[in-house]
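Chemist: Quick one: structure below, then a few questions.
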Amino acid sequence: MNCAYDEIYLSDAMNNLGEMTEYAFYGNDTDPDTAIRYFIVSGYAERFQIGDPGVVSGMSGTELYLNVLGKCGFEVRGDAPALTRYDADASYWIGYISAFYQWKTNLPFRMIFSVITASDLNALYPALHTASEERAMESIGQLYHSKRMITRLQAYRKQIGMTQSELAEASGVNLRTLQQYEIGGKDIRKASFQSVTALASVLHCRPEDIA
């Protein structure tokens, strides 16, 4: 499998995404799950995952998160200093190891975090933060593949924090029908184009991501 981008950018990418999730937590009082969601919705994740030098190494993790917030419509200070900490913990490791996993697998961040969560990575931190990146990746990969057993529709809904009722109301899809799609009682691939498009629009993903 080809890696996502040239390895010369990997170290910067890992450190910057680690700083981004760390700054979100300590400098912005934002939990890593929410920070990752903003990162994806903002469009910066798409630039990051292809190794755009201006994103993976052209700005600090603090600057990256401030840009993410700006793209998401939040008012932000333009002169926030970079976070200086000497005891990197789980909030940093979540971003750090996510960047490595994405680089190694070449999977989009949106796809990765439609299956696993930053909270899942936080739970792995005690056992894996002193292990090699390759060893951590093996465990994350096992978790990813085991959790893919749930439907992608359900994964995307949970990733943005919506209930089934909220998604049904926002998309116009009947609640019972939505529930059947999630448990596999009905095949979403046979749903109408309008229904799949409406669901994808609310979930901020492409129709093919859920069908």
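Here, A, B, ... name the chains of the structure tokens in the order displayed, residue numbers run from 1 inside each chain, and ligands are numbered from 1 in the same displayed order.
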Which residues are close to stretch 109-115 of chain A, i.e. within 12 Å by only C-alpha atoms, leaving aside same-chain residues fewer than 6 positions away? Reply as a ChimeraX atom specification.
Modeler: /A:4,17,32-50,94-95,98-103,121,140-161,203-206,208-210
Chemist: Fewer than 6 positions away in the same chain doesn't count, so skip those; otherwise give me all residues within 9 Å of A:Ile188, counting only C-alpha atoms, as a list in words.
Modeler: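 Returned residues: Leu153, Leu178, Gln180, Tyr181, Glu182, Val196, Ile210 and Ala211 of chain A.
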Chemist: Please, what distance in Å, to one decimal, runs between atom CA of A:Ser91 and atom CA of A:Glu22?
Modeler: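 Computing it gives 4.8 Å between the two atoms.
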Chemist: Run DSSP on the backbone and give me the residues of stretch 54-169 of chain A it puts in alpha helix (DSSP H), as a ChimeraX atom specification.
Modeler: /A:54-56,61-71,90-105,109-115,118-128,133-147,152-159,164-169
Chemist: Would you write out those residues with C-alpha atoms, as a PDB file, in the first residue's frame?
Modeler:
```pdb
ATOM      1  CA  GLY A  54       1.364  24.585   3.652  1.00  0.00           C
ATOM      2  CA  VAL A  55      -0.770  22.589   6.078  1.00  0.00           C
ATOM      3  CA  VAL A  56       1.409  19.730   7.324  1.00  0.00           C
ATOM      4  CA  GLY A  61      -0.452  23.008  15.203  1.00  0.00           C
ATOM      5  CA  THR A  62      -1.819  26.051  17.008  1.00  0.00           C
ATOM      6  CA  GLU A  63      -2.061  27.996  13.751  1.00  0.00           C
ATOM      7  CA  LEU A  64      -3.682  24.985  12.101  1.00  0.00           C
ATOM      8  CA  TYR A  65      -6.387  24.796  14.737  1.00  0.00           C
ATOM      9  CA  LEU A  66      -7.056  28.522  14.593  1.00  0.00           C
ATOM     10  CA  ASN A  67      -7.508  28.212  10.833  1.00  0.00           C
ATOM     11  CA  VAL A  68      -9.799  25.232  11.356  1.00  0.00           C
ATOM     12  CA  LEU A  69     -11.937  27.252  13.762  1.00  0.00           C
ATOM     13  CA  GLY A  70     -12.065  30.157  11.338  1.00  0.00           C
ATOM     14  CA  LYS A  71     -13.267  27.903   8.539  1.00  0.00           C
ATOM     15  CA  ALA A  90      -2.947  11.749  25.543  1.00  0.00           C
ATOM     16  CA  SER A  91      -4.326  14.962  24.013  1.00  0.00           C
ATOM     17  CA  TYR A  92      -1.104  15.293  21.986  1.00  0.00           C
ATOM     18  CA  TRP A  93      -0.691  11.579  21.207  1.00  0.00           C
ATOM     19  CA  ILE A  94      -4.180  11.366  19.708  1.00  0.00           C
ATOM     20  CA  GLY A  95      -3.266  13.807  16.940  1.00  0.00           C
ATOM     21  CA  TYR A  96       0.292  12.524  16.631  1.00  0.00           C
ATOM     22  CA  ILE A  97      -0.646   8.881  16.109  1.00  0.00           C
ATOM     23  CA  SER A  98      -3.667   9.777  13.940  1.00  0.00           C
ATOM     24  CA  ALA A  99      -1.350  11.528  11.503  1.00  0.00           C
ATOM     25  CA  PHE A 100       0.881   8.444  11.359  1.00  0.00           C
ATOM     26  CA  TYR A 101      -2.031   6.046  10.902  1.00  0.00           C
ATOM     27  CA  GLN A 102      -3.527   8.159   8.114  1.00  0.00           C
ATOM     28  CA  TRP A 103      -0.145   8.493   6.375  1.00  0.00           C
ATOM     29  CA  LYS A 104       0.565   4.779   6.570  1.00  0.00           C
ATOM     30  CA  THR A 105      -2.894   3.585   5.465  1.00  0.00           C
ATOM     31  CA  PHE A 109      -9.425  11.187   7.957  1.00  0.00           C
ATOM     32  CA  ARG A 110     -13.162  11.339   7.357  1.00  0.00           C
ATOM     33  CA  MET A 111     -13.259   7.587   6.812  1.00  0.00           C
ATOM     34  CA  ILE A 112     -10.967   6.780   9.739  1.00  0.00           C
ATOM     35  CA  PHE A 113     -12.974   8.862  12.186  1.00  0.00           C
ATOM     36  CA  SER A 114     -16.301   7.627  10.896  1.00  0.00           C
ATOM     37  CA  VAL A 115     -15.270   4.292  12.416  1.00  0.00           C
ATOM     38  CA  ALA A 118     -10.500  10.210  19.464  1.00  0.00           C
ATOM     39  CA  SER A 119     -11.952   8.708  22.643  1.00  0.00           C
ATOM     40  CA  ASP A 120     -11.016   5.252  21.334  1.00  0.00           C
ATOM     41  CA  LEU A 121      -7.439   6.448  20.845  1.00  0.00           C
ATOM     42  CA  ASN A 122      -7.445   7.997  24.306  1.00  0.00           C
ATOM     43  CA  ALA A 123      -8.321   4.578  25.725  1.00  0.00           C
ATOM     44  CA  LEU A 124      -5.339   3.047  23.888  1.00  0.00           C
ATOM     45  CA  TYR A 125      -2.912   5.707  25.105  1.00  0.00           C
ATOM     46  CA  PRO A 126      -1.817   4.075  28.410  1.00  0.00           C
ATOM     47  CA  ALA A 127      -0.774   0.858  26.688  1.00  0.00           C
ATOM     48  CA  LEU A 128       0.605   2.283  23.437  1.00  0.00           C
ATOM     49  CA  GLU A 133       4.388   3.923  15.899  1.00  0.00           C
ATOM     50  CA  GLU A 134       4.222   0.665  13.947  1.00  0.00           C
ATOM     51  CA  ARG A 135       3.058  -1.262  17.027  1.00  0.00           C
ATOM     52  CA  ALA A 136       0.456   1.390  17.814  1.00  0.00           C
ATOM     53  CA  MET A 137      -0.730   1.288  14.234  1.00  0.00           C
ATOM     54  CA  GLU A 138      -1.318  -2.464  14.439  1.00  0.00           C
ATOM     55  CA  SER A 139      -3.602  -2.032  17.453  1.00  0.00           C
ATOM     56  CA  ILE A 140      -5.443   0.895  15.911  1.00  0.00           C
ATOM     57  CA  GLY A 141      -5.852  -1.074  12.693  1.00  0.00           C
ATOM     58  CA  GLN A 142      -7.356  -4.017  14.593  1.00  0.00           C
ATOM     59  CA  LEU A 143      -9.778  -1.669  16.324  1.00  0.00           C
ATOM     60  CA  TYR A 144     -10.665   0.031  13.051  1.00  0.00           C
ATOM     61  CA  HIS A 145     -11.450  -3.198  11.256  1.00  0.00           C
ATOM     62  CA  SER A 146     -13.459  -4.627  14.151  1.00  0.00           C
ATOM     63  CA  LYS A 147     -15.589  -1.475  14.431  1.00  0.00           C
ATOM     64  CA  ARG A 152     -21.150   3.485   7.727  1.00  0.00           C
ATOM     65  CA  LEU A 153     -24.376   5.456   8.033  1.00  0.00           C
ATOM     66  CA  GLN A 154     -24.451   4.860  11.784  1.00  0.00           C
ATOM     67  CA  ALA A 155     -20.742   5.648  12.077  1.00  0.00           C
ATOM     68  CA  TYR A 156     -21.075   9.007  10.314  1.00  0.00           C
ATOM     69  CA  ARG A 157     -24.127   9.903  12.391  1.00  0.00           C
ATOM     70  CA  LYS A 158     -22.329   9.147  15.635  1.00  0.00           C
ATOM     71  CA  GLN A 159     -19.222  10.984  14.487  1.00  0.00           C
ATOM     72  CA  GLN A 164     -31.401   8.997  14.868  1.00  0.00           C
ATOM     73  CA  SER A 165     -34.384  11.278  15.448  1.00  0.00           C
ATOM     74  CA  GLU A 166     -32.325  14.396  14.748  1.00  0.00           C
ATOM     75  CA  LEU A 167     -30.923  12.931  11.531  1.00  0.00           C
ATOM     76  CA  ALA A 168     -34.361  11.804  10.380  1.00  0.00           C
ATOM     77  CA  GLU A 169     -35.840  15.248  10.979  1.00  0.00           C
TER      78      GLU A 169
END
```
Chemist: Closest to A:Ala170 among A:Ser195, A:Asp87, A:Tyr26, A:Met14, using only C-alpha atoms?
Modeler: A:Ser195
Chemist: To one decimal in Å, tell me the separation between atom CA of A:Ser201 and atom CA of A:Thr177.
Modeler: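 Taking atom CA of A:Ser201 as the start and atom CA of A:Thr177 as the end point, the length is 17.4 Å.
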Chemist: For A:Tyr5, which of A:Asp31, A:Asp187, A:Glu19, A:Asp52 is the closest residue, counting only C-alpha atoms?
Modeler: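 The shortest atom-to-atom distance to A:Tyr5 comes from A:Asp52.
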Chemist: Enter the distance from atom CA of A:Ala198 to atom CA of A:Ser171, in Å, rounded to one decimal.
Modeler: 5.2 Å
Chemist: Which of these, A:Arg77, A:Ser192, A:Asp12, A:Met20, has the shortest distance to A:Pro207 once you count only C-alpha atoms?
Modeler: A:Ser192
Chemist: Between A:Asp89, A:Met59, A:Val173, A:Asp6, single out the one closest to A:Gly18, counting only C-alpha atoms.
Modeler: A:Asp89
